[in-house]
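Beneath this line is the structure, given in structure tokens, with notes to follow.
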Amino acid sequence: MINTGKLAGRTIFITGASRGIGKAIALKAARDGANIIVAAKTAEPHPKLPGTIYTAAKEIEEAGGKALPCIVDVRDENQVRSAIKSAVDKFGGIDILVNNASAISLTPTLQTDMKRYDLMHTINTRGTFLVSKECLPYLQKSNHAHILNLSPPLNLAPHWFSQHVAYTMAKYGMSMCVLGMAEEFKTKGVCVNALWPKTAIHTAAIEMLTGPDSNQFSRKPEIMADAAYEILSKDPRSTKTGQFYIDEEVLRSAGISDMNQYACVPENAHNLMPDFFLDTPPEEIGKFAPAAAAGSSAAGGGGQIDTLFAKIEQQLNEDLVKRVNAVYAFNVKGDESGLWYLDLKNGSGKCGKGDSPTPADATLTMDSKNFFAMFSGKLNAATAFMSGKLKISGDLQKAMKLEKLMGSLKSKL
């Protein structure tokens with residue numbers, strides 16, 4: 001999307017702007033000549049995560065904007081207030097707030113420790129509320145006041161709660177801020193909306209969740225930046241408030257039809273992982289899980305999973321064990337219900353029916369038709385997880401290593 005200059009001179013406060021989607025939005029606005037407050041925690045280089053508030057500020061100024069790096073933990077009221085005061089002192093006010101900072105932990109109830117629960121809720125829900133509350137007195141003085149929360153539409157489908165209820169509650173807290181504040185401030189010149197990606201976005205967070213190959217089925221953060229720019233460029237006095245926008249839909253409405261440009265790997269542009277909290281329309285299911293997945297277990301009259309494991313066993317070797325280093329348990333439901341295991345941690349590997357002789361690093365639960373489709377390469381494991389077809393307990397990253405394993409086995413199965 002081409003910059004229009006509509007954000008020139010506007011002051012934008014962005015939480016979590018030192019990397020990922022937050023930084024991409026900052027850079028997009030900077031090309032208009034916007035003033036950006038980089039409000040994030042990372043002041044010193046992190047051993048595992050890219051960028052600091054200072055490196056982000058440098059990139060923003062090189063892109064044509066003005067930057068104010070501020071050390072901000074959105075859980076800390078004093079740091080939030082201090083950063084807002086610094087922004088107002090330097091730029092004269094605040095026109096736009098982007099609540100991007102967020103924490104994620106995809107764990108079911110019994111595996112969610114309260115420290116992690118509190119982290120998600122104090123950053124996602126409380127942090128969004130706090131920063132919005134402190135910015136609103138200044139936003140109400142602006143003639144271009146927007147709040148944009150990077151949070152999902154409120155989808156009450158039970159599977160979005162059953163797999164990771166703590167995370168879902170925390171993200172939906174951000175969305176409820178949109179719902180409430182949009183109504184509360186709709187007559188006061190402040191437009192409050194949400195933006196969420198249709199597919200996985202390649203960030204440090206998704207890489208930590210699904211492994212270094214996550215770019216294979218993700219889009220670049222720039223798609224979210226372009227969509228945010230389209231929303232934030234509009235006059236808030238003539239724009240709908242309380243909306244839950246999806247990045248691709250925003251861009252298509254703006255006349256952009258080429259979504260392939262945003263794929264990290266262009267040849268995979270039509271096989272991307274859908275993001276959380278979105279129900280995939282029936283006409284799009286084929287993009288992520290070919291129709292062969294449906295009913296595949298019945299095609300051979302039963303016993304296909306036993307046959308599948310017999311073929312997998314023929315492919316096991318010490319090199320594969322060294323590369324994967326994990327033990328998997330499979331709890332299969334449906335037509336071929338039962339328990340299976342795959343040991344890729346010990347010796348030259350082993351698999352079979354029943355409980356694993358060695359404690360599993362990850363337990364995967366899914367219907368037999370989807371199970372067979374996943375191992376035959378017709379259903380992406382990450383896609384299955386994101387869409388609720390696959391439930392994972394234990395080590396999520398080791399579970400996602402199965403994607404690479406399937407890639408090496410599917411041509412032989």
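Quick note on naming: the chains in the structure tokens go A, B, ... in the order shown, residues restart at 1 in each chain, and ligands are numbered from 1 in order of appearance.
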Worksheet item: So which residues touch segment 117-124 of chain A within 9 Å, counting only C-alpha atoms, skipping near sequence neighbours fewer than 2 positions away, as a ChimeraX atom specification?
Response: /A:73-75,99-105,112-115,126-129,166-167,169-174
At most 12 Å is the cut-off: for each residue in segment 211-272 of chain A with any atom that close to an atom of segment 82-95 of chain A, write down the nearest atom pair and the distance in Å rounded to one decimal, counting only C-alpha atoms, chain first then increasing number, as JSON lines.
{"residue": "A:Leu232", "atom": "CA", "partner": "A:Asp95", "partner_atom": "CA", "distance": 9.9}
{"residue": "A:Ser233", "atom": "CA", "partner": "A:Asp95", "partner_atom": "CA", "distance": 11.2}
{"residue": "A:Asp235", "atom": "CA", "partner": "A:Asp95", "partner_atom": "CA", "distance": 11.6}
{"residue": "A:Pro236", "atom": "CA", "partner": "A:Asp95", "partner_atom": "CA", "distance": 10.6}
With C-alpha atoms retained, could you export that selection as a compact mmCIF listing (two decimals), in the first residue's frame?
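Once written, part_19.txt looks like this:
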# COMPACT_ATOMS: atom_id res chain seq x y z
CA LEU A 232 -5.81 5.09 11.14
CA SER A 233 -5.68 7.36 8.08
CA ASP A 235 -11.19 10.78 9.64
CA PRO A 236 -12.49 9.44 12.98
Item to complete: To one decimal in Å, tell me the separation between atom CA of Ser151 of chain A and atom CA of Leu195 of chain A.
Response: 6.0 Å
Fill in: Nearby residues (only C-alpha atoms) at most 12 Å from Phe161 of chain A, same-chain spacing under 3 positions excluded, as a list in words
Leu106, Thr107, Pro108, Thr109, Leu154, Asn155, Leu156, Ala157, Pro158, His164, Val165, Ala166, Tyr167, Thr168, Met169, Ala170, Lys171, Tyr172, Phe276, Phe277, Gly388 and Lys391 of chain A
Practice prompt. Extract the full set of alpha helix (DSSP H) residues from segment 47-143 of chain A according to DSSP on the backbone, and format it as an NGL selection string.
Written response: :A and (53-62 or 77-91 or 114-120 or 127-139)
Fill in: Residue nearest Ala360 of chain A - candidates A:Ser175, A:Ser348, A:Tyr328, A:Leu390, atoms counted: only C-alpha atoms
A:Tyr328
Worksheet item: Could you pull the residues within 6 Å of Asn193 of chain A, counting only C-alpha atoms, minus those fewer than 5 positions along the same chain, as a list in words?
Response: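 Returned residues: Leu148, Val178, Thr241, Gly242 and Gln243 of chain A.
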Discussion item. Going by DSSP on the backbone, which residues of segment 26-239 of chain A come out as strand (DSSP E)? List them as a ChimeraX atom specification.
Written reply: /A:35-40,66-71,96-99,145-149,190-196
Fill in: For Leu342 of chain A: contacts at 12 Å, only C-alpha atoms, fewer than 2 positions along chain excluded, given as an MDAnalysis selection string
chainID A and resid 308:310 312:313 315:316 320:321 324:331 339:340 344:346 348:364 399 402 405
Practice prompt. List the neighbours of Asn260 of chain A out to 12 Å using only C-alpha atoms; skip same-chain residues closer than 2 positions along the sequence, and give me the result as a ChimeraX atom specification.
Written response: /A:218-220,223,248,256-258,262-272
Practice prompt. Could you tell me which of A:Met400, A:Leu97, A:Ala182, A:Met224 comes closest to Ile147 of chain A if we count only C-alpha atoms?
Written response: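 Between A:Met400, A:Leu97, A:Ala182, A:Met224, the residue approaching Ile147 of chain A most closely is A:Leu97.
Each of A:Leu396, A:Val80, A:Ile2, A:Lys311 was compared to Gly255 of chain A using only C-alpha atoms, and A:Ile2 turns out to be the nearest.
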Item to complete: Would you please work out which residue, of A:Asp319, A:Pro274, A:Ser162, A:Val72, is nearest to Lys198 of chain A when using only C-alpha atoms?
Response: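 Result for the nearest residue to Lys198 of chain A: A:Pro274.
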